[in-house]
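One file, query06.cif, carrying mmCIF, C-alpha atoms:
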data_input
#
loop_
_atom_site.label_atom_id
_atom_site.label_comp_id
_atom_site.auth_asym_id
_atom_site.auth_seq_id
_atom_site.Cartn_x
_atom_site.Cartn_y
_atom_site.Cartn_z
CA MET Z 18 51.13 139.41 -108.82
CA ALA Z 19 53.60 141.76 -110.46
CA ARG Z 20 56.39 140.19 -112.48
CA TYR Z 21 59.50 142.09 -113.46
CA GLU Z 22 60.35 142.16 -117.14
CA LEU Z 23 64.01 141.83 -118.12
CA ASP Z 24 65.46 143.31 -121.27
CA ASP Z 25 68.26 141.59 -123.18
CA GLU Z 26 70.99 143.43 -121.28
CA SER Z 27 69.48 142.45 -117.93
CA TYR Z 28 69.35 138.82 -119.02
CA ARG Z 29 73.03 139.02 -119.91
CA CYS Z 30 73.75 140.48 -116.47
CA LEU Z 31 71.73 137.71 -114.83
CA ALA Z 32 73.76 135.16 -116.74
CA MET Z 33 76.94 136.79 -115.42
CA ILE Z 34 75.83 136.54 -111.80
CA SER Z 35 73.86 133.30 -112.07
CA THR Z 36 76.15 131.38 -109.72
CA LEU Z 37 75.94 134.13 -107.10
CA ALA Z 38 72.21 134.58 -107.68
CA SER Z 39 71.51 130.85 -107.41
CA TYR Z 40 73.58 130.59 -104.22
CA LYS Z 41 71.74 133.58 -102.74
CA LEU Z 42 68.38 132.07 -103.63
CA ALA Z 43 69.28 128.79 -101.95
CA THR Z 44 70.56 130.43 -98.77
CA SER Z 45 68.28 133.44 -98.35
CA ASP Z 46 65.80 131.16 -96.57
CA LEU Z 47 67.74 127.94 -96.13
CA SER Z 48 65.14 126.17 -94.00
CA ARG Z 49 62.53 126.80 -96.68
CA THR Z 50 64.87 125.57 -99.41
CA ILE Z 51 65.60 122.37 -97.48
CA GLN Z 52 61.88 121.89 -96.87
CA ARG Z 53 61.34 121.92 -100.63
CA VAL Z 54 63.99 119.22 -100.96
CA SER Z 55 62.31 117.12 -98.26
CA ASP Z 56 58.96 117.47 -100.05
CA GLN Z 57 60.28 115.77 -103.17
CA PRO Z 58 58.60 112.32 -103.37
CA THR Z 59 61.78 110.26 -103.69
CA VAL Z 60 63.48 112.13 -100.86
CA ALA Z 61 60.39 111.92 -98.66
CA ARG Z 62 60.20 108.13 -99.13
CA GLU Z 63 63.84 107.63 -98.18
CA VAL Z 64 63.50 109.85 -95.12
CA ALA Z 65 60.35 108.04 -94.01
CA TYR Z 66 62.02 104.63 -94.36
CA TYR Z 67 65.05 105.77 -92.40
CA GLU Z 68 63.03 107.35 -89.61
CA GLU Z 69 60.85 104.26 -89.30
CA ASN Z 70 63.66 101.71 -89.24
CA ILE Z 71 66.92 103.16 -87.89
CA SER Z 72 66.03 102.73 -84.21
CA LYS Z 73 65.31 99.03 -84.84
CA VAL Z 74 68.96 98.43 -85.70
CA LYS Z 75 70.90 96.94 -82.78
CA THR Z 76 74.17 95.78 -84.34
CA ILE Z 77 76.72 96.86 -86.90
CA GLU Z 78 75.83 93.85 -89.04
CA GLU Z 79 72.12 94.77 -89.09
CA PHE Z 80 73.01 98.32 -90.02
CA ILE Z 81 75.28 97.39 -92.92
CA ASP Z 82 73.02 94.59 -94.17
CA ASP Z 83 70.08 96.98 -94.60
CA THR Z 84 71.38 98.55 -97.78
CA ARG Z 85 68.70 101.21 -97.89
CA LEU Z 86 69.42 102.42 -94.35
CA PHE Z 87 73.17 102.17 -94.77
CA ASN Z 88 73.19 104.06 -98.08
CA PHE Z 89 71.03 106.79 -96.54
CA ALA Z 90 73.48 107.21 -93.67
CA MET Z 91 76.47 107.19 -95.99
CA GLN Z 92 74.85 109.77 -98.25
CA ALA Z 93 74.10 111.95 -95.22
CA HIS Z 94 77.76 112.01 -94.26
CA GLY Z 95 78.98 112.75 -97.78
CA LEU Z 96 80.26 109.20 -98.21
CA GLY Z 97 77.81 108.01 -100.84
CA GLU Z 98 80.61 107.06 -103.20
CA MET Z 99 81.90 104.62 -100.56
CA SER Z 100 78.60 102.81 -99.94
CA TYR Z 101 79.91 99.75 -101.76
CA ALA Z 102 82.88 99.42 -99.35
CA LYS Z 103 80.99 97.66 -96.60
CA ALA Z 104 84.00 95.78 -95.18
CA PHE Z 105 85.90 99.05 -94.98
CA MET Z 106 83.03 100.80 -93.21
CA LYS Z 107 82.50 97.84 -90.87
CA LYS Z 108 86.09 98.27 -89.69
CA VAL Z 109 85.39 101.99 -89.11
CA LEU Z 110 82.40 101.10 -86.93
CA VAL Z 111 83.88 98.10 -85.13
CA GLU Z 112 86.93 100.02 -83.93
CA GLY Z 113 84.99 103.20 -83.17
CA ARG Z 114 86.59 106.51 -82.28
CA ASP Z 115 87.80 106.21 -78.70
CA ALA Z 116 91.18 104.59 -79.24
CA ARG Z 117 93.78 106.91 -80.69
CA ASP Z 118 94.96 104.15 -83.03
CA SER Z 119 91.47 103.13 -84.19
CA PHE Z 120 90.94 102.79 -87.93
CA ALA Z 121 88.76 105.92 -88.17
CA ASN Z 122 91.36 107.98 -86.31
CA SER Z 123 94.08 106.77 -88.65
CA LEU Z 124 92.30 108.07 -91.75
CA THR Z 125 93.07 111.54 -93.08
CA ASP Z 126 89.47 112.06 -94.19
CA LYS Z 127 87.61 113.03 -91.03
CA ARG Z 128 84.23 112.11 -92.49
CA TYR Z 129 84.87 108.55 -91.36
CA LEU Z 130 85.54 109.67 -87.81
CA GLU Z 131 82.31 111.66 -87.85
CA PHE Z 132 80.47 108.58 -89.12
CA ALA Z 133 81.94 106.47 -86.30
CA GLU Z 134 80.88 109.12 -83.81
CA THR Z 135 77.33 109.31 -85.15
CA PHE Z 136 76.85 105.54 -85.19
CA ASP Z 137 78.91 104.74 -82.11
CA PHE Z 138 78.29 101.02 -81.70
CA TYR Z 139 81.74 100.70 -80.12
CA ARG Z 140 80.69 102.83 -77.15
CA TYR Z 141 76.93 102.36 -76.95
CA GLY Z 142 76.26 98.95 -78.47
CA GLU Z 143 72.61 98.25 -79.30
CA THR Z 144 71.51 101.73 -78.21
CA ALA Z 145 73.77 103.50 -80.72
CA THR Z 146 70.93 104.26 -83.13
CA THR Z 147 68.62 105.76 -80.47
CA PHE Z 148 70.50 109.04 -80.13
CA THR Z 149 69.41 112.24 -81.85
CA LYS Z 150 72.60 112.46 -83.93
CA ALA Z 151 71.89 109.03 -85.43
CA ARG Z 152 68.24 109.80 -86.08
CA GLN Z 153 67.15 113.40 -86.71
CA GLY Z 154 70.71 114.62 -87.03
CA THR Z 155 71.38 112.18 -89.86
CA VAL Z 156 68.12 113.11 -91.59
CA GLU Z 157 69.12 116.78 -91.48
CA LYS Z 158 72.54 115.94 -92.92
CA TYR Z 159 70.89 113.87 -95.67
CA LEU Z 160 68.63 116.74 -96.70
CA ARG Z 161 71.51 119.20 -96.77
CA GLN Z 162 73.67 116.80 -98.79
CA THR Z 163 70.80 116.25 -101.22
CA LEU Z 164 70.35 120.01 -101.60
CA GLU Z 165 74.04 120.42 -102.40
CA GLU Z 166 74.07 117.57 -104.91
CA GLN Z 167 70.97 118.82 -106.69
CA ALA Z 168 72.47 122.31 -106.82
CA GLY Z 169 75.58 120.76 -108.35
CA ASP Z 170 73.50 119.15 -111.08
CA GLU Z 171 72.63 122.66 -112.23
CA ASN Z 172 75.76 124.56 -111.26
CA GLU Z 173 78.87 123.06 -109.67
CA GLY Z 174 79.85 126.46 -108.30
CA VAL Z 175 76.67 126.63 -106.21
CA ARG Z 176 77.35 123.16 -104.80
CA LEU Z 177 80.87 124.17 -103.83
CA ALA Z 178 79.64 127.39 -102.20
CA LEU Z 179 76.99 125.55 -100.20
CA TYR Z 180 79.53 122.94 -99.13
CA PHE Z 181 82.03 125.58 -98.05
CA GLN Z 182 79.35 127.44 -96.12
CA ARG Z 183 78.50 124.24 -94.22
CA LYS Z 184 82.11 123.29 -93.52
CA ALA Z 185 83.43 126.78 -92.72
CA PRO Z 186 82.87 126.57 -88.93
CA THR Z 187 85.07 123.44 -88.80
CA ILE Z 188 88.03 124.96 -90.69
CA THR Z 189 90.88 125.40 -88.22
CA SER Z 190 93.98 125.20 -90.41
CA TYR Z 191 95.23 125.88 -93.91
CA TYR Z 192 96.36 122.28 -94.12
CA GLY Z 193 92.77 121.22 -93.38
CA ILE Z 194 91.65 123.20 -96.41
CA LEU Z 195 94.20 121.48 -98.62
CA ALA Z 196 93.18 118.07 -97.28
CA ASP Z 197 89.69 118.62 -98.69
CA PRO Z 198 89.70 119.02 -102.51
CA ALA Z 199 86.39 120.92 -102.54
CA LEU Z 200 87.49 123.40 -99.89
CA GLY Z 201 90.79 123.85 -101.69
CA GLN Z 202 89.05 124.55 -104.98
CA VAL Z 203 86.84 127.21 -103.42
CA VAL Z 204 89.76 128.96 -101.75
CA ARG Z 205 91.97 128.86 -104.86
CA THR Z 206 89.16 130.31 -106.96
CA ALA Z 207 88.32 133.02 -104.44
CA ILE Z 208 91.91 134.22 -104.06
CA GLY Z 209 92.72 133.94 -107.75
CA LEU Z 210 95.10 130.99 -107.79
CA PRO Z 211 95.04 128.56 -110.74
CA ASP Z 212 94.19 124.91 -110.12
CA SER Z 213 97.74 124.01 -111.13
CA VAL Z 214 98.88 125.44 -107.78
CA GLY Z 215 97.42 122.30 -106.20
CA SER Z 216 100.34 120.28 -107.56
CA ILE Z 217 103.13 122.26 -105.89
CA ASP Z 218 104.67 121.72 -102.45
CA ILE Z 219 101.96 121.82 -99.77
CA ASP Z 220 103.91 124.19 -97.51
CA LYS Z 221 104.22 126.66 -100.38
CA GLN Z 222 100.47 126.43 -100.97
CA VAL Z 223 99.87 127.23 -97.31
CA GLU Z 224 102.12 130.29 -97.53
CA MET Z 225 100.17 131.51 -100.56
CA MET Z 226 96.89 131.18 -98.67
CA LYS Z 227 98.25 132.85 -95.53
CA ASP Z 228 99.19 135.89 -97.61
CA ARG Z 229 95.66 136.22 -98.96
CA ILE Z 230 93.12 135.01 -96.39
CA ASP Z 231 92.64 134.96 -92.63
CA LEU Z 232 90.98 131.83 -91.28
CA GLU Z 233 89.11 133.93 -88.71
CA GLU Z 234 86.89 135.32 -91.45
CA PHE Z 235 85.32 131.90 -91.87
CA SER Z 236 83.89 132.10 -88.35
CA ASP Z 237 82.39 135.54 -89.03
CA PRO Z 238 79.07 135.13 -90.92
CA ALA Z 239 79.36 138.50 -92.65
CA ALA Z 240 82.96 137.94 -93.71
CA LEU Z 241 82.17 134.40 -94.83
CA GLU Z 242 79.31 135.67 -96.95
CA LYS Z 243 81.58 138.21 -98.65
CA PHE Z 244 84.15 135.49 -99.28
CA LEU Z 245 81.54 133.26 -100.91
CA GLU Z 246 80.22 136.15 -102.96
CA ARG Z 247 83.73 136.62 -104.28
CA PHE Z 248 84.05 132.91 -104.97
CA THR Z 249 80.74 132.61 -106.83
CA THR Z 250 81.47 135.70 -108.91
CA LEU Z 251 84.93 134.46 -109.92
CA TRP Z 252 83.58 130.96 -110.51
CA GLU Z 253 81.12 132.42 -112.99
CA VAL Z 254 83.87 134.38 -114.74
CA ASN Z 255 86.04 131.26 -115.02
CA ASN Z 256 83.35 128.67 -115.71
CA GLY Z 257 80.37 130.51 -117.19
CA SER Z 258 78.61 128.55 -119.94
CA ALA Z 259 75.67 128.77 -122.27
CA THR Z 260 73.54 127.00 -119.67
CA ALA Z 261 74.35 129.39 -116.84
CA GLN Z 262 71.53 131.78 -117.70
CA SER Z 263 68.83 129.12 -117.96
CA SER Z 264 69.89 127.34 -114.77
CA GLY Z 265 69.95 130.59 -112.84
CA ILE Z 266 66.52 131.64 -114.07
CA GLY Z 267 65.17 128.12 -113.54
CA LEU Z 268 66.18 128.26 -109.92
CA LEU Z 269 64.26 131.50 -109.50
CA TYR Z 270 61.01 129.88 -110.55
CA ASN Z 271 61.72 126.53 -108.89
CA GLN Z 272 62.08 128.43 -105.64
CA GLY Z 273 58.40 129.31 -105.90
CA ALA Z 274 59.05 133.01 -106.48
CA THR Z 275 55.76 133.66 -108.27
CA PHE Z 276 56.56 137.36 -108.29
CA GLY Z 277 59.50 136.70 -110.61
CA ILE Z 278 62.87 138.36 -110.05
CA SER Z 279 63.31 139.70 -106.52
CA GLN Z 280 63.93 143.40 -105.99
CA ASP Z 281 67.32 142.63 -104.41
CA LEU Z 282 68.38 140.67 -107.48
CA MET Z 283 67.08 143.40 -109.77
CA LEU Z 284 69.18 145.89 -107.82
CA GLN Z 285 72.28 143.73 -108.32
CA ILE Z 286 71.51 143.54 -112.04
CA GLN Z 287 71.07 147.29 -112.31
CA GLN Z 288 74.31 147.89 -110.44
CA LEU Z 289 76.12 145.62 -112.87
CA LYS Z 290 74.61 147.51 -115.77
CA ARG Z 291 76.13 150.72 -114.45
#
Could you spell out this file's structure in structure tokens?
Amino acid sequence: MARYELDDESYRCLAMISTLASYKLATSDLSRTIQRVSDQPTVAREVAYYEENISKVKTIEEFIDDTRLFNFAMQAHGLGEMSYAKAFMKKVLVEGRDARDSFANSLTDKRYLEFAETFDFYRYGETATTFTKARQGTVEKYLRQTLEEQAGDENEGVRLALYFQRKAPTITSYYGILADPALGQVVRTAIGLPDSVGSIDIDKQVEMMKDRIDLEEFSDPAALEKFLERFTTLWEVNNGSATAQSSGIGLLYNQGATFGISQDLMLQIQQLKR
């Protein structure tokens, strides 16, 4: 099949837009991208183990004691770094989410509340792991988290963009953005604020964001896409490195694009050259 040839100037342009290009490649057919992640042998083994064993779990103790299952679930909910804190997570699960003063409800980080809702032993007891959200829903979260982490291994900007895309529908306040370091970093980059702004009074940070962005755009797919295009472009300007070009091109071929550079990407490159 035909393969586009890039001259030196085009390669330089590709390096400039590698974060945007890599993000576009990952999201242009997201289900296909996630399928490639699920086909990776290590990922496939973990998914198979989880699917085979999660419904056998009847108690919080059984869940936490099966390290492989528990780590999978924690990874799926973006809590992989807390997998060691089993006593902490047991308290999250034991107290559940129903009581306003439950442990999960008292935590600023809402990932713990989501975890308690997914594995709701407090409300459903031994049937908690039979629901779709605890089974297929958790598998889907695991694959998306894995995609984001693997993207971050190549380009942290792509990971941040993918994370923001996933979380955007849940953003309801400027304070919620500031409560999540990754969301805050994306917004600061996209609206041109230095990271040092994160150390000033939180109300002043909110005022800065209100002057520059409207939260409603995050619920509009087209507006969200433009916002993330701006973020990935500025991320590349601020963080571009010698490896940006190779990682961007590597993603093109890892995506199975045997025809080489897509026509859309070539058009973007040509427009940059003008």
- Message: For this structure, which residues satisfy the selection - the PyMOL selection byres ((chain Z and resi 160) around 10) - when it is evaluated on the file as given? I want them as a PyMOL selection string.
- Response: chain Z and resi 50-55+60-61+64+92-93+155-159+161-166
Atoms kept (C-alpha atoms) for selection, written as an mmCIF file, in the frame of the given file:
data_model
loop_
_atom_site.group_PDB
_atom_site.id
_atom_site.type_symbol
_atom_site.label_atom_id
_atom_site.label_comp_id
_atom_site.auth_asym_id
_atom_site.auth_seq_id
_atom_site.Cartn_x
_atom_site.Cartn_y
_atom_site.Cartn_z
ATOM 1 C CA THR Z 50 64.870 125.570 -99.410
ATOM 2 C CA ILE Z 51 65.600 122.370 -97.480
ATOM 3 C CA GLN Z 52 61.880 121.890 -96.870
ATOM 4 C CA ARG Z 53 61.340 121.920 -100.630
ATOM 5 C CA VAL Z 54 63.990 119.220 -100.960
ATOM 6 C CA SER Z 55 62.310 117.120 -98.260
ATOM 7 C CA VAL Z 60 63.480 112.130 -100.860
ATOM 8 C CA ALA Z 61 60.390 111.920 -98.660
ATOM 9 C CA VAL Z 64 63.500 109.850 -95.120
ATOM 10 C CA GLN Z 92 74.850 109.770 -98.250
ATOM 11 C CA ALA Z 93 74.100 111.950 -95.220
ATOM 12 C CA THR Z 155 71.380 112.180 -89.860
ATOM 13 C CA VAL Z 156 68.120 113.110 -91.590
ATOM 14 C CA GLU Z 157 69.120 116.780 -91.480
ATOM 15 C CA LYS Z 158 72.540 115.940 -92.920
ATOM 16 C CA TYR Z 159 70.890 113.870 -95.670
ATOM 17 C CA ARG Z 161 71.510 119.200 -96.770
ATOM 18 C CA GLN Z 162 73.670 116.800 -98.790
ATOM 19 C CA THR Z 163 70.800 116.250 -101.220
ATOM 20 C CA LEU Z 164 70.350 120.010 -101.600
ATOM 21 C CA GLU Z 165 74.040 120.420 -102.400
ATOM 22 C CA GLU Z 166 74.070 117.570 -104.910
#
- Task: Could you list the residues chosen by the PyMOL selection byres ((chain Z and resi 75-86) around 8) in this structure as a ChimeraX atom specification?
- Result: /Z:66-67,70-74,87-90,103,107,110-111,138,142-146
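The gap separating CA of Thr249 in chain Z from CA of Val175 in chain Z is 7.3 Å, in Å to one decimal.
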- For range 222-227 of chain Z, work out the shell of residues within 8 Å, counting all atoms listed in the file and skipping chain neighbours fewer than 5 positions away, then give it as a VMD selection string. chain Z and resid 191 to 192 208 214 to 215 217
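Residues with any atom within 12 Å of the point (86.3, 100.0, -80.7), counting all atoms listed in the file, are Z:Ile77, Z:Lys107, Z:Lys108, Z:Val109, Z:Leu110, Z:Val111, Z:Glu112, Z:Gly113, Z:Arg114, Z:Asp115, Z:Ala116, Z:Arg117, Z:Asp118, Z:Ser119, Z:Phe120, Z:Ala121, Z:Asn122, Z:Ala133, Z:Glu134, Z:Phe136, Z:Asp137, Z:Phe138, Z:Tyr139, Z:Arg140, Z:Tyr141, Z:Gly142.
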- Å distance separating CA of Ile188 in chain Z from CA of Ser236 in chain Z, one decimal place: 8.6 Å
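Of note, CA of Ala207 in chain Z and CA of Glu242 in chain Z are spaced 12.0 Å apart.
When the PyMOL selection byres ((chain Z and resi 199) around 8) is evaluated against the file, it yields Leu177, Tyr180, Phe181, Asp197, Pro198, Leu200, Gly201, Gln202 and Val203 of chain Z.
Considering the residues Z:Arg62, Z:Met91, Z:Thr206, Z:Ala240 and counting only C-alpha atoms, Val254 in chain Z has its shortest atom-to-atom contact with Z:Thr206.
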N, CA, C and O atoms modelled onto range 51-76 of chain Z, as an mmCIF file, in the frame of the given file:
data_model
loop_
_atom_site.group_PDB
_atom_site.id
_atom_site.type_symbol
_atom_site.label_atom_id
_atom_site.label_comp_id
_atom_site.auth_asym_id
_atom_site.auth_seq_id
_atom_site.Cartn_x
_atom_site.Cartn_y
_atom_site.Cartn_z
ATOM 1 N N ILE Z 51 65.452 123.774 -97.888
ATOM 2 C CA ILE Z 51 65.600 122.370 -97.480
ATOM 3 C C ILE Z 51 64.233 121.705 -97.371
ATOM 4 O O ILE Z 51 64.087 120.514 -97.694
ATOM 5 N N GLN Z 52 63.224 122.449 -96.945
ATOM 6 C CA GLN Z 52 61.880 121.890 -96.870
ATOM 7 C C GLN Z 52 61.396 121.480 -98.264
ATOM 8 O O GLN Z 52 60.762 120.436 -98.426
ATOM 9 N N ARG Z 53 61.730 122.271 -99.265
ATOM 10 C CA ARG Z 53 61.340 121.920 -100.630
ATOM 11 C C ARG Z 53 62.044 120.632 -101.064
ATOM 12 O O ARG Z 53 61.466 119.806 -101.777
ATOM 13 N N VAL Z 54 63.283 120.467 -100.651
ATOM 14 C CA VAL Z 54 63.990 119.220 -100.960
ATOM 15 C C VAL Z 54 63.301 118.054 -100.280
ATOM 16 O O VAL Z 54 63.070 117.004 -100.888
ATOM 17 N N SER Z 55 62.941 118.212 -99.014
ATOM 18 C CA SER Z 55 62.310 117.120 -98.260
ATOM 19 C C SER Z 55 60.930 116.769 -98.798
ATOM 20 O O SER Z 55 60.451 115.651 -98.596
ATOM 21 N N ASP Z 56 60.285 117.712 -99.488
ATOM 22 C CA ASP Z 56 58.960 117.470 -100.050
ATOM 23 C C ASP Z 56 58.998 116.690 -101.360
ATOM 24 O O ASP Z 56 57.950 116.225 -101.833
ATOM 25 N N GLN Z 57 60.170 116.543 -101.938
ATOM 26 C CA GLN Z 57 60.280 115.770 -103.170
ATOM 27 C C GLN Z 57 59.947 114.307 -102.881
ATOM 28 O O GLN Z 57 60.433 113.734 -101.893
ATOM 29 N N PRO Z 58 59.084 113.674 -103.682
ATOM 30 C CA PRO Z 58 58.600 112.320 -103.370
ATOM 31 C C PRO Z 58 59.686 111.299 -103.076
ATOM 32 O O PRO Z 58 59.591 110.558 -102.094
ATOM 33 N N THR Z 59 60.714 111.244 -103.905
ATOM 34 C CA THR Z 59 61.780 110.260 -103.690
ATOM 35 C C THR Z 59 62.496 110.514 -102.371
ATOM 36 O O THR Z 59 62.764 109.580 -101.601
ATOM 37 N N VAL Z 60 62.802 111.771 -102.107
ATOM 38 C CA VAL Z 60 63.480 112.130 -100.860
ATOM 39 C C VAL Z 60 62.594 111.806 -99.673
ATOM 40 O O VAL Z 60 63.043 111.225 -98.674
ATOM 41 N N ALA Z 61 61.321 112.157 -99.767
ATOM 42 C CA ALA Z 61 60.390 111.920 -98.660
ATOM 43 C C ALA Z 61 60.283 110.430 -98.335
ATOM 44 O O ALA Z 61 60.213 110.036 -97.163
ATOM 45 N N ARG Z 62 60.285 109.584 -99.366
ATOM 46 C CA ARG Z 62 60.200 108.130 -99.130
ATOM 47 C C ARG Z 62 61.436 107.610 -98.413
ATOM 48 O O ARG Z 62 61.323 106.783 -97.489
ATOM 49 N N GLU Z 63 62.614 108.093 -98.822
ATOM 50 C CA GLU Z 63 63.840 107.630 -98.180
ATOM 51 C C GLU Z 63 63.917 108.100 -96.733
ATOM 52 O O GLU Z 63 64.347 107.349 -95.842
ATOM 53 N N VAL Z 64 63.505 109.328 -96.490
ATOM 54 C CA VAL Z 64 63.500 109.850 -95.120
ATOM 55 C C VAL Z 64 62.537 109.055 -94.254
ATOM 56 O O VAL Z 64 62.865 108.684 -93.115
ATOM 57 N N ALA Z 65 61.350 108.786 -94.784
ATOM 58 C CA ALA Z 65 60.350 108.040 -94.010
ATOM 59 C C ALA Z 65 60.854 106.645 -93.663
ATOM 60 O O ALA Z 65 60.674 106.166 -92.530
ATOM 61 N N TYR Z 66 61.495 105.979 -94.614
ATOM 62 C CA TYR Z 66 62.020 104.630 -94.360
ATOM 63 C C TYR Z 66 63.095 104.684 -93.276
ATOM 64 O O TYR Z 66 63.119 103.842 -92.361
ATOM 65 N N TYR Z 67 63.977 105.659 -93.387
ATOM 66 C CA TYR Z 67 65.050 105.770 -92.400
ATOM 67 C C TYR Z 67 64.488 106.034 -91.009
ATOM 68 O O TYR Z 67 64.878 105.372 -90.037
ATOM 69 N N GLU Z 68 63.599 107.001 -90.909
ATOM 70 C CA GLU Z 68 63.030 107.350 -89.610
ATOM 71 C C GLU Z 68 62.287 106.184 -88.978
ATOM 72 O O GLU Z 68 62.315 106.001 -87.757
ATOM 73 N N GLU Z 69 61.639 105.384 -89.809
ATOM 74 C CA GLU Z 69 60.850 104.260 -89.300
ATOM 75 C C GLU Z 69 61.719 103.091 -88.855
ATOM 76 O O GLU Z 69 61.345 102.340 -87.943
ATOM 77 N N ASN Z 70 62.891 102.941 -89.455
ATOM 78 C CA ASN Z 70 63.660 101.710 -89.240
ATOM 79 C C ASN Z 70 64.991 101.858 -88.511
ATOM 80 O O ASN Z 70 65.497 100.864 -87.981
ATOM 81 N N ILE Z 71 65.568 103.055 -88.449
ATOM 82 C CA ILE Z 71 66.920 103.160 -87.890
ATOM 83 C C ILE Z 71 66.971 102.733 -86.440
ATOM 84 O O ILE Z 71 67.937 102.079 -86.006
ATOM 85 N N SER Z 72 65.975 103.061 -85.635
ATOM 86 C CA SER Z 72 66.030 102.730 -84.210
ATOM 87 C C SER Z 72 65.854 101.228 -83.953
ATOM 88 O O SER Z 72 66.111 100.753 -82.841
ATOM 89 N N LYS Z 73 65.449 100.484 -84.982
ATOM 90 C CA LYS Z 73 65.310 99.030 -84.840
ATOM 91 C C LYS Z 73 66.653 98.322 -84.957
ATOM 92 O O LYS Z 73 66.774 97.156 -84.580
ATOM 93 N N VAL Z 74 67.640 99.025 -85.476
ATOM 94 C CA VAL Z 74 68.960 98.430 -85.700
ATOM 95 C C VAL Z 74 69.716 98.345 -84.374
ATOM 96 O O VAL Z 74 69.859 99.344 -83.665
ATOM 97 N N LYS Z 75 70.215 97.154 -84.056
ATOM 98 C CA LYS Z 75 70.900 96.940 -82.780
ATOM 99 C C LYS Z 75 72.369 96.581 -82.938
ATOM 100 O O LYS Z 75 73.123 96.651 -81.964
ATOM 101 N N THR Z 76 72.783 96.191 -84.133
ATOM 102 C CA THR Z 76 74.170 95.780 -84.340
ATOM 103 C C THR Z 76 74.736 96.389 -85.609
ATOM 104 O O THR Z 76 73.984 96.831 -86.496
#
